[in-house]
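Below is data-v6.cif, which holds mmCIF, N, CA and C atoms.
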data_run
#
loop_
_atom_site.label_atom_id
_atom_site.label_comp_id
_atom_site.auth_asym_id
_atom_site.auth_seq_id
_atom_site.Cartn_x
_atom_site.Cartn_y
_atom_site.Cartn_z
N MET M 1 -18.44 15.39 25.99
CA MET M 1 -17.13 14.83 25.73
C MET M 1 -16.20 15.26 26.87
N ASP M 2 -15.39 14.31 27.31
CA ASP M 2 -14.41 14.58 28.36
C ASP M 2 -13.10 13.88 28.00
N ARG M 3 -12.12 14.01 28.87
CA ARG M 3 -10.81 13.42 28.59
C ARG M 3 -10.89 11.90 28.44
N ALA M 4 -11.71 11.25 29.23
CA ALA M 4 -11.86 9.80 29.12
C ALA M 4 -12.39 9.41 27.74
N GLY M 5 -13.32 10.21 27.22
CA GLY M 5 -13.84 9.96 25.88
C GLY M 5 -12.78 10.15 24.82
N ILE M 6 -11.97 11.18 24.98
CA ILE M 6 -10.86 11.42 24.04
C ILE M 6 -9.87 10.25 24.09
N GLU M 7 -9.53 9.80 25.28
CA GLU M 7 -8.61 8.67 25.42
C GLU M 7 -9.16 7.42 24.75
N ALA M 8 -10.44 7.13 24.97
CA ALA M 8 -11.05 5.96 24.35
C ALA M 8 -11.01 6.09 22.83
N LEU M 9 -11.37 7.25 22.32
CA LEU M 9 -11.35 7.47 20.88
C LEU M 9 -9.94 7.28 20.30
N VAL M 10 -8.97 7.95 20.87
CA VAL M 10 -7.60 7.88 20.35
C VAL M 10 -7.08 6.44 20.37
N HIS M 11 -7.27 5.74 21.47
CA HIS M 11 -6.74 4.39 21.57
C HIS M 11 -7.47 3.42 20.64
N ASP M 12 -8.80 3.50 20.59
CA ASP M 12 -9.56 2.61 19.70
C ASP M 12 -9.26 2.90 18.24
N PHE M 13 -9.26 4.18 17.89
CA PHE M 13 -9.01 4.59 16.51
C PHE M 13 -7.63 4.14 16.05
N TYR M 14 -6.61 4.41 16.84
CA TYR M 14 -5.26 4.05 16.42
C TYR M 14 -4.97 2.56 16.52
N ASP M 15 -5.76 1.81 17.29
CA ASP M 15 -5.68 0.35 17.20
C ASP M 15 -6.07 -0.09 15.80
N ASP M 16 -7.12 0.52 15.24
CA ASP M 16 -7.52 0.21 13.86
C ASP M 16 -6.49 0.68 12.85
N VAL M 17 -5.94 1.86 13.06
CA VAL M 17 -4.91 2.37 12.16
C VAL M 17 -3.73 1.40 12.11
N ARG M 18 -3.34 0.90 13.25
CA ARG M 18 -2.20 -0.02 13.33
C ARG M 18 -2.46 -1.34 12.62
N ARG M 19 -3.73 -1.71 12.47
CA ARG M 19 -4.09 -2.95 11.78
C ARG M 19 -4.42 -2.72 10.30
N ASP M 20 -4.53 -1.47 9.92
CA ASP M 20 -4.96 -1.15 8.56
C ASP M 20 -3.81 -1.36 7.57
N GLU M 21 -4.08 -2.10 6.51
CA GLU M 21 -3.04 -2.44 5.54
C GLU M 21 -2.47 -1.23 4.80
N LEU M 22 -3.26 -0.20 4.63
CA LEU M 22 -2.79 1.00 3.94
C LEU M 22 -2.08 1.96 4.89
N LEU M 23 -2.66 2.19 6.06
CA LEU M 23 -2.12 3.19 6.99
C LEU M 23 -0.98 2.68 7.87
N ALA M 24 -1.04 1.45 8.28
CA ALA M 24 -0.06 0.92 9.24
C ALA M 24 1.39 1.12 8.79
N PRO M 25 1.74 0.82 7.54
CA PRO M 25 3.14 0.98 7.15
C PRO M 25 3.65 2.43 7.26
N VAL M 26 2.81 3.39 6.94
CA VAL M 26 3.21 4.79 7.02
C VAL M 26 3.48 5.18 8.47
N PHE M 27 2.58 4.79 9.35
CA PHE M 27 2.73 5.13 10.77
C PHE M 27 3.90 4.37 11.40
N GLU M 28 4.00 3.09 11.12
CA GLU M 28 5.06 2.29 11.74
C GLU M 28 6.45 2.74 11.30
N ALA M 29 6.56 3.26 10.08
CA ALA M 29 7.86 3.73 9.60
C ALA M 29 8.39 4.87 10.48
N VAL M 30 7.50 5.62 11.09
CA VAL M 30 7.90 6.76 11.91
C VAL M 30 7.83 6.42 13.40
N ILE M 31 6.78 5.74 13.80
CA ILE M 31 6.52 5.50 15.22
C ILE M 31 7.21 4.23 15.72
N GLY M 32 7.30 3.22 14.88
CA GLY M 32 7.86 1.94 15.30
C GLY M 32 6.82 1.10 16.01
N LYS M 33 7.27 0.25 16.88
CA LYS M 33 6.37 -0.70 17.56
C LYS M 33 5.80 -0.15 18.87
N ASP M 34 6.49 0.75 19.53
CA ASP M 34 6.03 1.29 20.81
C ASP M 34 5.24 2.58 20.58
N TRP M 35 3.94 2.44 20.59
CA TRP M 35 3.06 3.57 20.33
C TRP M 35 2.72 4.36 21.59
N SER M 36 3.12 3.91 22.74
CA SER M 36 2.71 4.56 24.00
C SER M 36 3.01 6.05 24.02
N PRO M 37 4.22 6.50 23.71
CA PRO M 37 4.48 7.95 23.73
C PRO M 37 3.63 8.71 22.71
N HIS M 38 3.45 8.12 21.53
CA HIS M 38 2.68 8.81 20.50
C HIS M 38 1.20 8.89 20.88
N LEU M 39 0.66 7.82 21.43
CA LEU M 39 -0.74 7.84 21.87
C LEU M 39 -0.95 8.89 22.96
N ALA M 40 -0.01 8.99 23.88
CA ALA M 40 -0.13 10.01 24.93
C ALA M 40 -0.14 11.41 24.32
N ARG M 41 0.71 11.64 23.31
CA ARG M 41 0.73 12.96 22.64
C ARG M 41 -0.58 13.21 21.88
N LEU M 42 -1.12 12.16 21.27
CA LEU M 42 -2.38 12.32 20.54
C LEU M 42 -3.53 12.65 21.49
N VAL M 43 -3.54 12.03 22.65
CA VAL M 43 -4.56 12.36 23.65
C VAL M 43 -4.43 13.82 24.05
N GLU M 44 -3.20 14.28 24.27
CA GLU M 44 -2.98 15.69 24.62
C GLU M 44 -3.40 16.61 23.47
N PHE M 45 -3.08 16.22 22.24
CA PHE M 45 -3.47 17.02 21.09
C PHE M 45 -4.99 17.18 21.02
N TRP M 46 -5.69 16.06 21.02
CA TRP M 46 -7.15 16.13 20.89
C TRP M 46 -7.80 16.75 22.11
N SER M 47 -7.22 16.59 23.29
CA SER M 47 -7.74 17.27 24.48
C SER M 47 -7.57 18.78 24.34
N SER M 48 -6.44 19.21 23.80
CA SER M 48 -6.21 20.64 23.58
C SER M 48 -7.19 21.20 22.56
N VAL M 49 -7.36 20.48 21.46
CA VAL M 49 -8.22 20.95 20.37
C VAL M 49 -9.69 20.95 20.79
N MET M 50 -10.14 19.88 21.40
CA MET M 50 -11.57 19.72 21.66
C MET M 50 -12.01 20.19 23.04
N LEU M 51 -11.11 20.14 24.01
CA LEU M 51 -11.48 20.50 25.38
C LEU M 51 -10.83 21.79 25.85
N GLY M 52 -9.92 22.32 25.03
CA GLY M 52 -9.24 23.56 25.39
C GLY M 52 -8.27 23.43 26.53
N THR M 53 -7.68 22.25 26.71
CA THR M 53 -6.79 22.03 27.86
C THR M 53 -5.44 22.73 27.72
N ARG M 54 -5.05 23.03 26.49
CA ARG M 54 -3.75 23.65 26.21
C ARG M 54 -2.58 22.79 26.71
N SER M 55 -2.78 21.50 26.73
CA SER M 55 -1.75 20.59 27.25
C SER M 55 -0.81 20.09 26.16
N PHE M 56 -1.12 20.35 24.90
CA PHE M 56 -0.27 19.89 23.81
C PHE M 56 0.66 21.00 23.36
N ARG M 57 1.91 20.62 23.16
CA ARG M 57 2.90 21.53 22.59
C ARG M 57 3.57 20.79 21.45
N GLY M 58 3.61 21.39 20.27
CA GLY M 58 4.27 20.74 19.16
C GLY M 58 3.87 21.37 17.84
N ASN M 59 4.56 20.95 16.79
CA ASN M 59 4.33 21.46 15.45
C ASN M 59 3.74 20.33 14.61
N VAL M 60 2.45 20.18 14.68
CA VAL M 60 1.76 19.09 13.98
C VAL M 60 2.02 19.17 12.48
N TYR M 61 1.86 20.34 11.92
CA TYR M 61 2.02 20.51 10.48
C TYR M 61 3.45 20.16 10.05
N GLY M 62 4.43 20.71 10.72
CA GLY M 62 5.83 20.47 10.37
C GLY M 62 6.22 19.01 10.49
N LYS M 63 5.76 18.35 11.54
CA LYS M 63 6.08 16.93 11.73
C LYS M 63 5.50 16.09 10.60
N HIS M 64 4.26 16.39 10.23
CA HIS M 64 3.63 15.61 9.17
C HIS M 64 4.26 15.89 7.80
N MET M 65 4.65 17.12 7.55
CA MET M 65 5.25 17.46 6.26
C MET M 65 6.59 16.75 6.06
N ALA M 66 7.21 16.28 7.13
CA ALA M 66 8.49 15.58 7.03
C ALA M 66 8.32 14.09 6.69
N LEU M 67 7.08 13.61 6.63
CA LEU M 67 6.84 12.19 6.37
C LEU M 67 7.00 11.87 4.89
N ASP M 68 7.53 10.69 4.62
CA ASP M 68 7.66 10.20 3.25
C ASP M 68 6.56 9.20 2.94
N GLY M 69 6.19 9.14 1.68
CA GLY M 69 5.26 8.10 1.21
C GLY M 69 3.80 8.38 1.45
N VAL M 70 3.44 9.57 1.84
CA VAL M 70 2.03 9.90 2.08
C VAL M 70 1.36 10.15 0.72
N ARG M 71 0.19 9.52 0.56
CA ARG M 71 -0.58 9.65 -0.69
C ARG M 71 -2.00 10.10 -0.36
N PRO M 72 -2.71 10.64 -1.33
CA PRO M 72 -4.08 11.11 -1.07
C PRO M 72 -4.99 10.05 -0.47
N GLU M 73 -4.82 8.80 -0.88
CA GLU M 73 -5.71 7.75 -0.36
C GLU M 73 -5.51 7.51 1.14
N HIS M 74 -4.36 7.89 1.67
CA HIS M 74 -4.16 7.78 3.11
C HIS M 74 -5.14 8.68 3.86
N PHE M 75 -5.37 9.85 3.32
CA PHE M 75 -6.29 10.79 3.97
C PHE M 75 -7.72 10.26 3.95
N LEU M 76 -8.13 9.69 2.83
CA LEU M 76 -9.49 9.14 2.74
C LEU M 76 -9.66 7.99 3.74
N ARG M 77 -8.69 7.10 3.83
CA ARG M 77 -8.80 5.99 4.76
C ARG M 77 -8.82 6.49 6.20
N TRP M 78 -7.93 7.45 6.51
CA TRP M 78 -7.85 7.99 7.87
C TRP M 78 -9.19 8.61 8.28
N ILE M 79 -9.76 9.42 7.39
CA ILE M 79 -11.01 10.11 7.74
C ILE M 79 -12.17 9.12 7.79
N THR M 80 -12.14 8.08 6.97
CA THR M 80 -13.19 7.05 7.01
C THR M 80 -13.17 6.33 8.35
N LEU M 81 -11.97 5.93 8.80
CA LEU M 81 -11.87 5.28 10.11
C LEU M 81 -12.28 6.23 11.23
N TRP M 82 -11.87 7.49 11.12
CA TRP M 82 -12.22 8.49 12.14
C TRP M 82 -13.74 8.61 12.26
N HIS M 83 -14.43 8.68 11.13
CA HIS M 83 -15.90 8.75 11.15
C HIS M 83 -16.48 7.52 11.84
N ARG M 84 -15.97 6.37 11.50
CA ARG M 84 -16.49 5.13 12.08
C ARG M 84 -16.37 5.16 13.62
N HIS M 85 -15.24 5.58 14.11
CA HIS M 85 -15.02 5.59 15.56
C HIS M 85 -15.79 6.72 16.26
N THR M 86 -15.81 7.89 15.68
CA THR M 86 -16.53 8.99 16.33
C THR M 86 -18.03 8.73 16.33
N ASP M 87 -18.55 8.15 15.25
CA ASP M 87 -19.98 7.81 15.21
C ASP M 87 -20.32 6.75 16.24
N ARG M 88 -19.42 5.82 16.48
CA ARG M 88 -19.68 4.74 17.43
C ARG M 88 -19.58 5.21 18.88
N LEU M 89 -18.66 6.11 19.16
CA LEU M 89 -18.38 6.48 20.55
C LEU M 89 -19.13 7.70 21.08
N PHE M 90 -19.64 8.55 20.18
CA PHE M 90 -20.21 9.82 20.63
C PHE M 90 -21.58 10.07 20.03
N TYR M 91 -22.35 10.91 20.72
CA TYR M 91 -23.63 11.35 20.20
C TYR M 91 -23.40 12.22 18.97
N ASP M 92 -24.47 12.43 18.22
CA ASP M 92 -24.39 13.11 16.93
C ASP M 92 -23.62 14.41 16.95
N ALA M 93 -23.98 15.34 17.82
CA ALA M 93 -23.36 16.67 17.81
C ALA M 93 -21.86 16.59 18.12
N ILE M 94 -21.48 15.75 19.06
CA ILE M 94 -20.07 15.62 19.42
C ILE M 94 -19.31 14.91 18.31
N ALA M 95 -19.89 13.85 17.76
CA ALA M 95 -19.26 13.14 16.64
C ALA M 95 -19.05 14.09 15.47
N GLU M 96 -20.05 14.90 15.18
CA GLU M 96 -19.94 15.85 14.07
C GLU M 96 -18.86 16.90 14.33
N GLU M 97 -18.73 17.36 15.55
CA GLU M 97 -17.70 18.33 15.87
C GLU M 97 -16.30 17.71 15.70
N LEU M 98 -16.13 16.49 16.17
CA LEU M 98 -14.86 15.79 16.00
C LEU M 98 -14.55 15.56 14.52
N GLN M 99 -15.57 15.22 13.75
CA GLN M 99 -15.39 14.97 12.33
C GLN M 99 -15.06 16.26 11.58
N ARG M 100 -15.74 17.32 11.90
CA ARG M 100 -15.47 18.63 11.26
C ARG M 100 -14.02 19.07 11.54
N THR M 101 -13.59 18.89 12.77
CA THR M 101 -12.22 19.25 13.14
C THR M 101 -11.22 18.38 12.39
N ALA M 102 -11.46 17.07 12.34
CA ALA M 102 -10.56 16.16 11.63
C ALA M 102 -10.51 16.49 10.15
N HIS M 103 -11.64 16.85 9.56
CA HIS M 103 -11.66 17.23 8.14
C HIS M 103 -10.79 18.47 7.91
N GLY M 104 -10.87 19.42 8.80
CA GLY M 104 -10.04 20.63 8.66
C GLY M 104 -8.56 20.30 8.73
N ILE M 105 -8.20 19.46 9.67
CA ILE M 105 -6.80 19.05 9.81
C ILE M 105 -6.34 18.30 8.56
N ALA M 106 -7.16 17.36 8.11
CA ALA M 106 -6.80 16.57 6.93
C ALA M 106 -6.69 17.45 5.69
N ARG M 107 -7.60 18.40 5.53
CA ARG M 107 -7.53 19.31 4.37
C ARG M 107 -6.25 20.12 4.39
N ASN M 108 -5.89 20.64 5.56
CA ASN M 108 -4.66 21.45 5.65
C ASN M 108 -3.41 20.61 5.37
N LEU M 109 -3.35 19.42 5.94
CA LEU M 109 -2.20 18.57 5.71
C LEU M 109 -2.14 18.11 4.25
N SER M 110 -3.27 17.76 3.70
CA SER M 110 -3.31 17.34 2.31
C SER M 110 -2.87 18.48 1.39
N HIS M 111 -3.33 19.66 1.68
CA HIS M 111 -2.91 20.83 0.89
C HIS M 111 -1.40 21.02 1.00
N GLY M 112 -0.84 20.81 2.17
CA GLY M 112 0.60 20.92 2.35
C GLY M 112 1.38 19.88 1.56
N PHE M 113 0.87 18.67 1.51
CA PHE M 113 1.55 17.60 0.79
C PHE M 113 1.42 17.73 -0.72
N PHE M 114 0.22 18.05 -1.18
CA PHE M 114 -0.09 17.92 -2.60
C PHE M 114 -0.42 19.24 -3.29
N GLY M 115 -0.42 20.34 -2.53
CA GLY M 115 -0.70 21.64 -3.12
C GLY M 115 -2.16 21.88 -3.45
N GLU M 116 -2.99 20.95 -3.04
CA GLU M 116 -4.43 21.10 -3.26
C GLU M 116 -5.17 20.30 -2.21
N PHE M 117 -6.42 20.60 -2.06
CA PHE M 117 -7.24 19.85 -1.13
C PHE M 117 -7.62 18.53 -1.77
N PRO M 118 -7.79 17.48 -0.98
CA PRO M 118 -8.06 16.16 -1.56
C PRO M 118 -9.38 16.13 -2.30
N ARG M 119 -9.36 15.55 -3.45
CA ARG M 119 -10.59 15.43 -4.24
C ARG M 119 -11.41 14.24 -3.81
N THR M 120 -10.75 13.27 -3.20
CA THR M 120 -11.46 12.04 -2.80
C THR M 120 -12.12 12.16 -1.45
N MET M 121 -11.83 13.23 -0.71
CA MET M 121 -12.39 13.38 0.62
C MET M 121 -13.59 14.32 0.56
N PRO M 122 -14.76 13.84 0.91
CA PRO M 122 -15.93 14.70 0.84
C PRO M 122 -15.83 15.85 1.84
N PRO M 123 -16.34 17.02 1.46
CA PRO M 123 -16.33 18.13 2.41
C PRO M 123 -17.22 17.81 3.59
N HIS M 124 -16.88 18.33 4.72
CA HIS M 124 -17.70 18.14 5.91
C HIS M 124 -18.23 19.50 6.31
N GLU M 125 -19.51 19.63 6.28
CA GLU M 125 -20.15 20.92 6.59
C GLU M 125 -20.15 21.14 8.08
#
Could you quickly redo this structure as structure tokens?
Amino acid sequence: MDRAGIEALVHDFYDDVRRDELLAPVFEAVIGKDWSPHLARLVEFWSSVMLGTRSFRGNVYGKHMALDGVRPEHFLRWITLWHRHTDRLFYDAIAEELQRTAHGIARNLSHGFFGEFPRTMPPHE
């Protein structure tokens, strides 16, 4: 996995998010129509997490906790799309690492929103 792979994943994945009937309204309410700055930040975030670039600065948890209208089913849809894209773009070990990391992030955010880990999201070993 390299930065080009992260960029492809982020852009392809969030193209689907933007078209998704459940997720799109939540994201558009905050991001609006111009996703360019947000996509650039997401590339930096995932590059920092997966490649150790340390190029991302921000409070992911705090920003997400300020969102309105988030429901447990948003997490299931997000992780389902993430699996679809990581499985398509990466070999097994890399896809699994990306999925494990995304599950951890989703569990923490879900716990912050709802006081418990999502019951609808399968654990990722």
For this session: Would you mind reading off the distance between atom C of M:Glu96 and atom CA of M:Pro25, one decimal, in Å?
Result: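 It comes out at 28.1 Å.
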Seminar exercise, completed: From the list M:Asp68, M:Glu7, M:Asp2, M:Asp92, the nearest residue to M:Val26 using only C-alpha atoms is M:Asp68
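Nearest to M:Trp46 of all the residues M:Ile6, M:Leu23, M:Leu89, M:Glu116 is M:Ile6, counting only N, CA and C atoms.
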Run the PyMOL selection byres ((chain M and resi 1) around 8) on the file and write out the hits as a PDB file with N, CA and C atoms, keeping the file's coordinate frame.
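Output contents, as saved in expr_26.pdb:
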ATOM      1  N   ASP M   2     -15.390  14.310  27.310  1.00  0.00           N
ATOM      2  CA  ASP M   2     -14.410  14.580  28.360  1.00  0.00           C
ATOM      3  C   ASP M   2     -13.100  13.880  28.000  1.00  0.00           C
ATOM      4  N   ARG M   3     -12.120  14.010  28.870  1.00  0.00           N
ATOM      5  CA  ARG M   3     -10.810  13.420  28.590  1.00  0.00           C
ATOM      6  C   ARG M   3     -10.890  11.900  28.440  1.00  0.00           C
ATOM      7  N   ALA M   4     -11.710  11.250  29.230  1.00  0.00           N
ATOM      8  CA  ALA M   4     -11.860   9.800  29.120  1.00  0.00           C
ATOM      9  C   ALA M   4     -12.390   9.410  27.740  1.00  0.00           C
ATOM     10  N   GLY M   5     -13.320  10.210  27.220  1.00  0.00           N
ATOM     11  CA  GLY M   5     -13.840   9.960  25.880  1.00  0.00           C
ATOM     12  C   GLY M   5     -12.780  10.150  24.820  1.00  0.00           C
ATOM     13  N   ILE M   6     -11.970  11.180  24.980  1.00  0.00           N
ATOM     14  CA  ILE M   6     -10.860  11.420  24.040  1.00  0.00           C
ATOM     15  C   ILE M   6      -9.870  10.250  24.090  1.00  0.00           C
ATOM     16  N   MET M  50     -10.140  19.880  21.400  1.00  0.00           N
ATOM     17  CA  MET M  50     -11.570  19.720  21.660  1.00  0.00           C
ATOM     18  C   MET M  50     -12.010  20.190  23.040  1.00  0.00           C
ATOM     19  N   LEU M  51     -11.110  20.140  24.010  1.00  0.00           N
ATOM     20  CA  LEU M  51     -11.480  20.500  25.380  1.00  0.00           C
ATOM     21  C   LEU M  51     -10.830  21.790  25.850  1.00  0.00           C
ATOM     22  N   PHE M  90     -19.640   8.550  20.180  1.00  0.00           N
ATOM     23  CA  PHE M  90     -20.210   9.820  20.630  1.00  0.00           C
ATOM     24  C   PHE M  90     -21.580  10.070  20.030  1.00  0.00           C
ATOM     25  N   TYR M  91     -22.350  10.910  20.720  1.00  0.00           N
ATOM     26  CA  TYR M  91     -23.630  11.350  20.200  1.00  0.00           C
ATOM     27  C   TYR M  91     -23.400  12.220  18.970  1.00  0.00           C
ATOM     28  N   ILE M  94     -21.480  15.750  19.060  1.00  0.00           N
ATOM     29  CA  ILE M  94     -20.070  15.620  19.420  1.00  0.00           C
ATOM     30  C   ILE M  94     -19.310  14.910  18.310  1.00  0.00           C
TER      31      ILE M  94
END
Exercise. If you measure from atom N of M:Ala93 to atom CA of M:Arg19, what distance in Å do you get, rounded to one decimal?
Worked result: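 One can read the atom N of M:Ala93 to atom CA of M:Arg19 distance as 27.7 Å.
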Exercise. What are the DSSP helix (DSSP H, G or I) residues of stretch 39-113 of chain M, as number ranges by chain?
Worked result: M: 39-51, 60-65, 72-89, 92-113
Exercise. Hey, which of M:Arg100, M:His64, M:Arg77, M:Pro37 ends up closest to M:Gly112? Count all atoms listed in the file.
Worked result: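 For M:Gly112, the nearest of the candidates is M:His64.
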Exercise. Nearest to M:Arg107: which of M:Phe75, M:Val43, M:Thr86, M:Ala29 is it, counting only C-alpha atoms?
Worked result: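 Comparing M:Phe75, M:Val43, M:Thr86, M:Ala29 against M:Arg107, the winner is M:Phe75.
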Problem set entry | Atom pair atom CA of M:Gly104 / atom CA of M:His83: separation (Å) | 13.5 Å
For this session: Find the residues around M:Ser47 up to 7 Å (only N, CA and C atoms counted), leave out those fewer than 5 positions away in its own chain, and share them as a VMD selection string.
Result: chain M and resid 3 6 42 52 to 56
Problem set entry | Nearest to M:Asp12, chosen from M:Trp78, M:His85, M:Gly58, M:Glu73, with only N, CA and C atoms counted in the distances |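 The closest residue to M:Asp12 is M:His85.
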For this session: Between M:Ile79, M:Ala66, M:Tyr14, M:Trp35, single out the one closest to M:His103, counting only N, CA and C atoms.
Result: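 Closest to M:His103, using only N, CA and C atoms: M:Ile79.
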